[in-house]
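S.K.: I am sharing data_7.tsv, which consists of TSV, C-alpha atoms:
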```tsv
chain	number	residue	atom	x	y	z
A	231	MET	CA	0.00	0.00	0.00
A	232	SER	CA	2.94	2.34	0.58
A	233	GLY	CA	3.76	2.20	-3.12
A	234	ASP	CA	0.19	3.19	-4.04
A	235	ARG	CA	0.29	6.00	-1.49
A	236	LYS	CA	3.46	7.40	-3.06
A	237	LEU	CA	1.86	7.25	-6.51
A	238	LEU	CA	-1.00	9.46	-5.32
A	239	GLU	CA	1.22	12.19	-3.89
A	240	PRO	CA	1.38	15.16	-4.06
A	241	MET	CA	-2.08	15.28	-5.66
A	242	ALA	CA	-3.81	13.77	-2.63
A	243	THR	CA	-2.36	16.43	-0.33
A	244	VAL	CA	-3.15	19.28	-2.73
A	245	VAL	CA	-6.78	18.19	-3.16
A	246	SER	CA	-7.21	17.81	0.60
A	247	VAL	CA	-5.78	21.26	1.32
A	248	VAL	CA	-7.79	22.98	-1.44
A	249	LEU	CA	-11.01	21.33	-0.26
A	250	ARG	CA	-10.48	22.48	3.32
A	251	VAL	CA	-9.55	26.02	2.27
A	252	LEU	CA	-12.65	26.35	0.08
A	253	VAL	CA	-14.94	25.00	2.80
A	254	ALA	CA	-13.36	27.36	5.33
A	255	LEU	CA	-13.79	30.37	3.02
A	256	LEU	CA	-17.42	29.52	2.26
A	257	THR	CA	-18.16	29.00	5.94
A	258	ALA	CA	-16.50	32.30	6.86
A	259	GLY	CA	-18.44	34.11	4.14
A	260	LEU	CA	-21.71	32.57	5.33
A	261	VAL	CA	-21.04	33.51	8.95
A	262	LEU	CA	-20.08	37.05	7.92
A	263	ARG	CA	-23.29	37.51	5.95
A	264	VAL	CA	-25.36	36.21	8.86
A	265	VAL	CA	-23.63	38.56	11.30
A	266	ARG	CA	-23.94	41.58	9.01
A	267	GLY	CA	-27.45	40.63	7.89
A	268	SER	CA	-26.61	41.45	4.29
A	269	TRP	CA	-28.70	38.79	2.55
A	270	THR	CA	-30.82	41.15	0.44
A	271	ASP	CA	-29.01	44.49	0.77
A	272	THR	CA	-27.15	44.05	-2.50
A	273	VAL	CA	-27.41	45.04	-6.15
A	274	ILE	CA	-28.30	42.18	-8.47
A	275	CYS	CA	-27.40	42.45	-12.15
A	276	VAL	CA	-27.90	40.32	-15.24
A	277	THR	CA	-26.53	40.85	-18.74
A	278	ASP	CA	-28.61	40.24	-21.87
A	279	TRP	CA	-25.97	38.80	-24.20
A	280	SER	CA	-28.54	38.17	-26.94
A	281	THR	CA	-29.17	41.90	-27.49
A	282	THR	CA	-26.92	44.69	-28.72
A	283	VAL	CA	-27.68	48.40	-28.86
A	284	SER	CA	-26.08	51.15	-30.88
A	285	GLY	CA	-25.68	53.68	-28.10
A	286	VAL	CA	-22.47	53.54	-26.08
A	287	ALA	CA	-21.23	55.46	-23.08
A	288	THR	CA	-19.24	58.63	-23.54
A	289	GLY	CA	-15.51	58.03	-23.57
A	290	ILE	CA	-15.66	54.66	-25.33
A	291	VAL	CA	-13.95	55.23	-28.68
A	292	ALA	CA	-13.06	52.51	-31.16
A	293	GLU	CA	-10.05	52.51	-33.44
A	294	ARG	CA	-10.53	53.43	-37.08
A	295	GLY	CA	-12.22	50.58	-38.92
A	296	ALA	CA	-13.72	49.10	-35.74
A	297	GLN	CA	-17.12	49.58	-34.18
A	298	VAL	CA	-18.45	49.29	-30.66
A	299	ASP	CA	-21.46	47.20	-29.68
A	300	ALA	CA	-23.13	47.77	-26.33
A	301	VAL	CA	-24.79	44.96	-24.39
A	302	PRO	CA	-27.59	45.91	-21.97
A	303	ARG	CA	-27.10	45.09	-18.30
A	304	TYR	CA	-30.06	45.23	-15.96
A	305	CYS	CA	-29.59	45.82	-12.24
A	306	ALA	CA	-32.01	45.84	-9.32
A	307	GLU	CA	-31.27	47.70	-6.10
A	308	SER	CA	-32.59	46.19	-2.86
A	309	PRO	CA	-34.08	43.16	-4.68
A	310	ASP	CA	-36.85	41.07	-3.16
A	311	ALA	CA	-36.49	37.43	-2.08
A	312	HIS	CA	-37.55	36.11	-5.50
A	313	LEU	CA	-34.81	38.00	-7.33
A	314	VAL	CA	-32.23	37.02	-4.70
A	315	LEU	CA	-33.17	33.36	-5.14
A	316	LEU	CA	-32.82	33.56	-8.92
A	317	HIS	CA	-29.47	35.31	-8.55
A	318	GLN	CA	-28.20	32.62	-6.16
A	319	LEU	CA	-29.40	29.85	-8.47
A	320	GLY	CA	-27.34	31.48	-11.21
A	321	THR	CA	-24.06	30.80	-9.40
A	322	LEU	CA	-24.65	28.38	-6.52
A	323	PRO	CA	-24.92	25.10	-8.53
A	324	SER	CA	-21.40	25.45	-9.96
A	325	THR	CA	-20.00	26.17	-6.51
A	326	LEU	CA	-21.75	23.14	-5.03
A	327	LEU	CA	-20.54	21.00	-7.92
A	328	LEU	CA	-16.96	22.14	-7.32
A	329	ILE	CA	-17.07	21.45	-3.58
A	330	SER	CA	-18.80	18.09	-3.94
A	331	GLY	CA	-16.48	17.06	-6.77
A	332	LEU	CA	-13.43	17.89	-4.67
A	333	PHE	CA	-14.95	15.93	-1.77
A	334	LEU	CA	-15.47	12.85	-3.95
A	335	LEU	CA	-11.95	13.21	-5.40
A	336	ASP	CA	-10.48	13.51	-1.90
A	337	ARG	CA	-12.45	10.43	-0.84
A	338	LEU	CA	-11.21	8.57	-3.92
A	339	LEU	CA	-7.55	9.42	-3.27
A	340	ARG	CA	-7.75	8.65	0.43
A	341	GLY	CA	-9.45	5.33	-0.25
A	342	ALA	CA	-6.94	4.40	-2.92
A	343	ALA	CA	-4.06	5.21	-0.58
A	344	ARG	CA	-5.63	3.07	2.14
A	345	ASP	CA	-7.08	0.14	0.15
A	346	GLY	CA	-4.86	0.22	-2.93
A	347	VAL	CA	-5.27	1.55	-6.45
A	348	HIS	CA	-6.24	-1.76	-8.08
A	349	THR	CA	-9.28	-2.58	-5.97
A	350	GLU	CA	-13.02	-2.86	-6.52
A	351	ARG	CA	-13.66	-0.01	-4.09
A	352	THR	CA	-11.35	2.32	-5.97
A	353	ALA	CA	-13.08	1.48	-9.25
A	354	SER	CA	-16.49	2.15	-7.67
A	355	ARG	CA	-15.37	5.51	-6.25
A	356	LEU	CA	-13.87	6.44	-9.62
A	357	ARG	CA	-17.12	5.55	-11.37
A	358	LEU	CA	-19.13	7.60	-8.86
A	359	LEU	CA	-16.92	10.65	-9.46
A	360	GLY	CA	-17.31	10.23	-13.22
A	361	TRP	CA	-21.11	10.07	-13.08
A	362	TRP	CA	-21.20	12.99	-10.64
A	363	LEU	CA	-19.20	15.22	-12.98
A	364	LEU	CA	-21.10	14.09	-16.05
A	365	VAL	CA	-24.62	14.51	-14.70
A	366	GLY	CA	-23.88	17.24	-12.15
A	367	SER	CA	-22.24	19.57	-14.67
A	368	LEU	CA	-25.23	19.29	-17.03
A	369	VAL	CA	-27.72	19.88	-14.21
A	370	ALA	CA	-25.72	22.85	-12.90
A	371	ALA	CA	-25.41	24.46	-16.33
A	372	ILE	CA	-29.11	24.02	-17.13
A	373	THR	CA	-30.17	25.32	-13.70
A	374	GLU	CA	-27.95	28.40	-13.95
A	375	ALA	CA	-29.14	29.17	-17.49
A	376	ASN	CA	-32.79	28.89	-16.45
A	377	ALA	CA	-32.20	31.09	-13.41
A	378	GLY	CA	-30.43	33.69	-15.55
A	379	ALA	CA	-33.23	33.70	-18.12
A	380	ALA	CA	-35.87	34.02	-15.40
A	381	LEU	CA	-33.94	36.88	-13.76
A	382	LEU	CA	-33.58	38.65	-17.10
A	383	ALA	CA	-37.30	38.27	-17.78
A	384	ALA	CA	-38.05	39.73	-14.35
A	385	LEU	CA	-35.87	42.80	-14.89
A	386	SER	CA	-36.46	43.48	-18.59
A	387	ARG	CA	-39.78	44.27	-20.26
A	388	THR	CA	-38.49	43.10	-23.62
A	389	SER	CA	-37.36	39.64	-22.49
A	390	ASP	CA	-39.53	36.60	-21.86
A	391	PHE	CA	-38.75	33.39	-20.00
A	392	THR	CA	-38.73	30.95	-22.90
A	393	ALA	CA	-36.71	27.96	-24.06
A	394	GLY	CA	-34.87	30.17	-26.53
A	395	ALA	CA	-34.00	32.66	-23.79
A	396	TRP	CA	-32.28	30.12	-21.57
A	397	LEU	CA	-30.56	28.50	-24.54
A	398	GLU	CA	-28.98	31.89	-25.22
A	399	LEU	CA	-27.51	31.85	-21.71
A	400	TRP	CA	-26.60	28.15	-21.61
A	401	THR	CA	-22.96	27.25	-22.06
A	402	PRO	CA	-22.54	23.46	-22.46
A	403	PRO	CA	-19.95	22.16	-19.96
A	404	TYR	CA	-17.87	20.32	-22.56
A	405	LEU	CA	-14.77	19.89	-20.39
A	406	ALA	CA	-16.65	18.55	-17.37
A	407	VAL	CA	-18.67	16.14	-19.53
A	408	LEU	CA	-15.57	14.82	-21.30
A	409	THR	CA	-13.75	14.50	-17.97
A	410	GLY	CA	-16.67	12.55	-16.53
A	411	LEU	CA	-16.74	10.22	-19.54
A	412	GLY	CA	-12.99	9.72	-19.24
A	413	LEU	CA	-13.31	8.81	-15.56
A	414	LEU	CA	-16.01	6.27	-16.39
A	415	VAL	CA	-13.69	4.67	-18.93
A	416	PHE	CA	-10.82	4.56	-16.42
A	417	ALA	CA	-13.17	3.09	-13.81
A	418	ARG	CA	-13.99	0.25	-16.21
A	419	ILE	CA	-10.29	-0.27	-16.95
A	420	THR	CA	-9.51	-0.31	-13.22
A	421	ARG	CA	-12.25	-2.86	-12.58
A	422	VAL	CA	-11.02	-5.15	-15.36
A	423	GLY	CA	-7.43	-4.78	-14.15
A	424	THR	CA	-8.52	-5.64	-10.62
A	425	ALA	CA	-10.26	-8.80	-11.82
A	426	LEU	CA	-7.21	-9.86	-13.84
A	427	ARG	CA	-4.92	-9.21	-10.88
A	428	GLU	CA	-7.10	-11.32	-8.59
A	429	ASP	CA	-7.10	-14.14	-11.16
A	430	LEU	CA	-3.30	-14.02	-11.41
A	431	GLU	CA	-2.93	-14.05	-7.63
A	432	GLY	CA	-5.22	-17.05	-7.49
A	433	VAL	CA	-3.14	-18.92	-10.07
A	434	VAL	CA	0.11	-18.14	-8.27
```
Please, can you express the file's structure as structure tokens?

M.R.:
Amino acid sequence: MSGDRKLLEPMATVVSVVLRVLVALLTAGLVLRVVRGSWTDTVICVTDWSTTVSGVATGIVAERGAQVDAVPRYCAESPDAHLVLLHQLGTLPSTLLLISGLFLLDRLLRGAARDGVHTERTASRLRLLGWWLLVGSLVAAITEANAGAALLAALSRTSDFTAGAWLELWTPPYLAVLTGLGLLVFARITRVGTALREDLEGVV
């Protein structure tokens, strides 16, 4: 097991430290907001990337041969609970996906260092992380796009909450999906390798 533990360093230590730092920062931020009572005393803004206007602010000058396009940005001062919820749904899923993904990765590395890399448990944990990234990234991206479209519709009279509106704001998480698929493949390879290793040990 010591050989497997050395193979996993320094990544195991880095993941563990990053996870703890992020959790500590989020906890500190949450406590600070509770103490200050600043849940709704903020300015919430959303940008309509599907619309461009000709008017630009004074002082913005393009080089010769170039033109400037302005994108409208809607902001609400002292928003109500509904707008705050939509704003949080526009960013919170990605943060939760990051924290939970780091937790599963930390659990995977710790388990592999303890039980060994070529084990059934390691393959199962690797498969779980792959599915979590694959499905979780899609759910997070869709949720954030819907929240952004709903927030835009609430702040703009010219925007409606439609399928086309959230598709304009949706950015497919290509990297996370491909990473998840890759982890699923490696989980299958690990499982097959574990079975072959057990068969060889049985023959010897």

S.K.: Figure out the distance between atom CA of A:Ile329 and atom CA of A:Val265, please, to one decimal in Å.

M.R.: 23.6 Å

S.K.: Counting all atoms listed in the file, which residues sit no farther than 12 Å from the position (-4.1, 4.1, -7.0) in the file's frame? I'd like them as a VMD selection string.

M.R.: chain A and resid 231 to 239 241 to 242 338 to 353 355 to 356 416 to 417 420 423 to 424

S.K.: One decimal, Å: what's the distance from atom CA of A:Ala406 over to atom CA of A:Leu315, could you say?

M.R.: 25.3 Å

S.K.: Write out as a list in words each polymer residue whose atoms come within 10 Å of A:Ser246, counting only C-alpha atoms; drop sequence neighbours fewer than 6 positions from it.

M.R.: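 The residues satisfying every condition are Leu332, Phe333, Leu335, Asp336, Arg337, Leu339 and Arg340 of chain A.
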
S.K.: Limited to C-alpha atoms, could you put the picked residues into a file as a short mmCIF file (atom, residue, chain, number, x, y, z; two decimals), keeping the file's coordinate frame?

M.R.:
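Below is the file that was written, selection31.cif:
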```cif
data_model
loop_
_atom_site.label_atom_id
_atom_site.label_comp_id
_atom_site.auth_asym_id
_atom_site.auth_seq_id
_atom_site.Cartn_x
_atom_site.Cartn_y
_atom_site.Cartn_z
CA LEU A 332 -13.43 17.89 -4.67
CA PHE A 333 -14.95 15.93 -1.77
CA LEU A 335 -11.95 13.21 -5.40
CA ASP A 336 -10.48 13.51 -1.90
CA ARG A 337 -12.45 10.43 -0.84
CA LEU A 339 -7.55 9.42 -3.27
CA ARG A 340 -7.75 8.65 0.43
#
```

S.K.: Rank nothing, just name the residue among A:Leu316, A:Ala300, A:Leu249, A:Ala306 nearest to A:Thr272, using only C-alpha atoms.

M.R.: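 Among A:Leu316, A:Ala300, A:Leu249, A:Ala306, it is A:Ala306 that comes nearest to A:Thr272.
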
S.K.: Around the point (-13.3, 10.2, -17.4) in the file's coordinates, collect all residues with an atom within 12 Å, using all atoms listed in the file, and return them as an MDAnalysis selection string.

M.R.: chainID A and resid 353 356:364 405:420

S.K.: Please write the residues from the selection above to a file, keeping C-alpha atoms, as a PDB file, in the frame of the given file.

M.R.:
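Final file, result_24.pdb:
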```
ATOM      1  CA  ALA A 353     -13.080   1.480  -9.250  1.00  0.00           C
ATOM      2  CA  LEU A 356     -13.870   6.440  -9.620  1.00  0.00           C
ATOM      3  CA  ARG A 357     -17.120   5.550 -11.370  1.00  0.00           C
ATOM      4  CA  LEU A 358     -19.130   7.600  -8.860  1.00  0.00           C
ATOM      5  CA  LEU A 359     -16.920  10.650  -9.460  1.00  0.00           C
ATOM      6  CA  GLY A 360     -17.310  10.230 -13.220  1.00  0.00           C
ATOM      7  CA  TRP A 361     -21.110  10.070 -13.080  1.00  0.00           C
ATOM      8  CA  TRP A 362     -21.200  12.990 -10.640  1.00  0.00           C
ATOM      9  CA  LEU A 363     -19.200  15.220 -12.980  1.00  0.00           C
ATOM     10  CA  LEU A 364     -21.100  14.090 -16.050  1.00  0.00           C
ATOM     11  CA  LEU A 405     -14.770  19.890 -20.390  1.00  0.00           C
ATOM     12  CA  ALA A 406     -16.650  18.550 -17.370  1.00  0.00           C
ATOM     13  CA  VAL A 407     -18.670  16.140 -19.530  1.00  0.00           C
ATOM     14  CA  LEU A 408     -15.570  14.820 -21.300  1.00  0.00           C
ATOM     15  CA  THR A 409     -13.750  14.500 -17.970  1.00  0.00           C
ATOM     16  CA  GLY A 410     -16.670  12.550 -16.530  1.00  0.00           C
ATOM     17  CA  LEU A 411     -16.740  10.220 -19.540  1.00  0.00           C
ATOM     18  CA  GLY A 412     -12.990   9.720 -19.240  1.00  0.00           C
ATOM     19  CA  LEU A 413     -13.310   8.810 -15.560  1.00  0.00           C
ATOM     20  CA  LEU A 414     -16.010   6.270 -16.390  1.00  0.00           C
ATOM     21  CA  VAL A 415     -13.690   4.670 -18.930  1.00  0.00           C
ATOM     22  CA  PHE A 416     -10.820   4.560 -16.420  1.00  0.00           C
ATOM     23  CA  ALA A 417     -13.170   3.090 -13.810  1.00  0.00           C
ATOM     24  CA  ARG A 418     -13.990   0.250 -16.210  1.00  0.00           C
ATOM     25  CA  ILE A 419     -10.290  -0.270 -16.950  1.00  0.00           C
ATOM     26  CA  THR A 420      -9.510  -0.310 -13.220  1.00  0.00           C
TER      27      THR A 420
END
```

S.K.: For atom CA of A:Leu397 and atom CA of A:Pro309, determine how far apart the two atoms are, in Å to one decimal place.

M.R.: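 Separation of atom CA of A:Leu397 and atom CA of A:Pro309: 24.9 Å.
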
S.K.: Can you check which parts of stretch 284-309 of chain A lie within 12 Å of stretch 369-388 of chain A? Per residue, the shortest pair of atoms and distance in Å to one decimal, counting only C-alpha atoms, sorted by chain and number, as CSV.

M.R.:
```
residue,atom,partner,partner_atom,distance
A:Pro302,CA,A:Ser386,CA,9.8
A:Arg303,CA,A:Leu382,CA,9.2
A:Tyr304,CA,A:Leu385,CA,6.4
A:Cys305,CA,A:Leu385,CA,7.5
A:Ala306,CA,A:Leu385,CA,7.4
A:Glu307,CA,A:Leu385,CA,11.1
A:Pro309,CA,A:Leu385,CA,10.4
```

S.K.: Give me the box for stretch 384-397 of chain A as AutoDock Vina command-line options, namely the centre and edge lengths in Å to one decimal of a box along x, y and z that holds every listed atom plus 3 Å on each side.

M.R.:
```
--center_x -35.2 --center_y 36.1 --center_z -20.4 --size_x 15.2 --size_y 22.3 --size_z 18.2
```

S.K.: Pick from A:Val365, A:Val298, A:Cys275, A:Ala254: nearest to A:Leu327, with only C-alpha atoms counted?

M.R.: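 Under the stated criterion, the closest residue is A:Val365.
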
S.K.: Return the single residue from A:Gln297, A:Ser367, A:Ser389, A:Ser354 that is closest to A:Pro403, with distances computed using only C-alpha atoms.

M.R.: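 Using only C-alpha atoms, A:Pro403 sits closest to A:Ser367.
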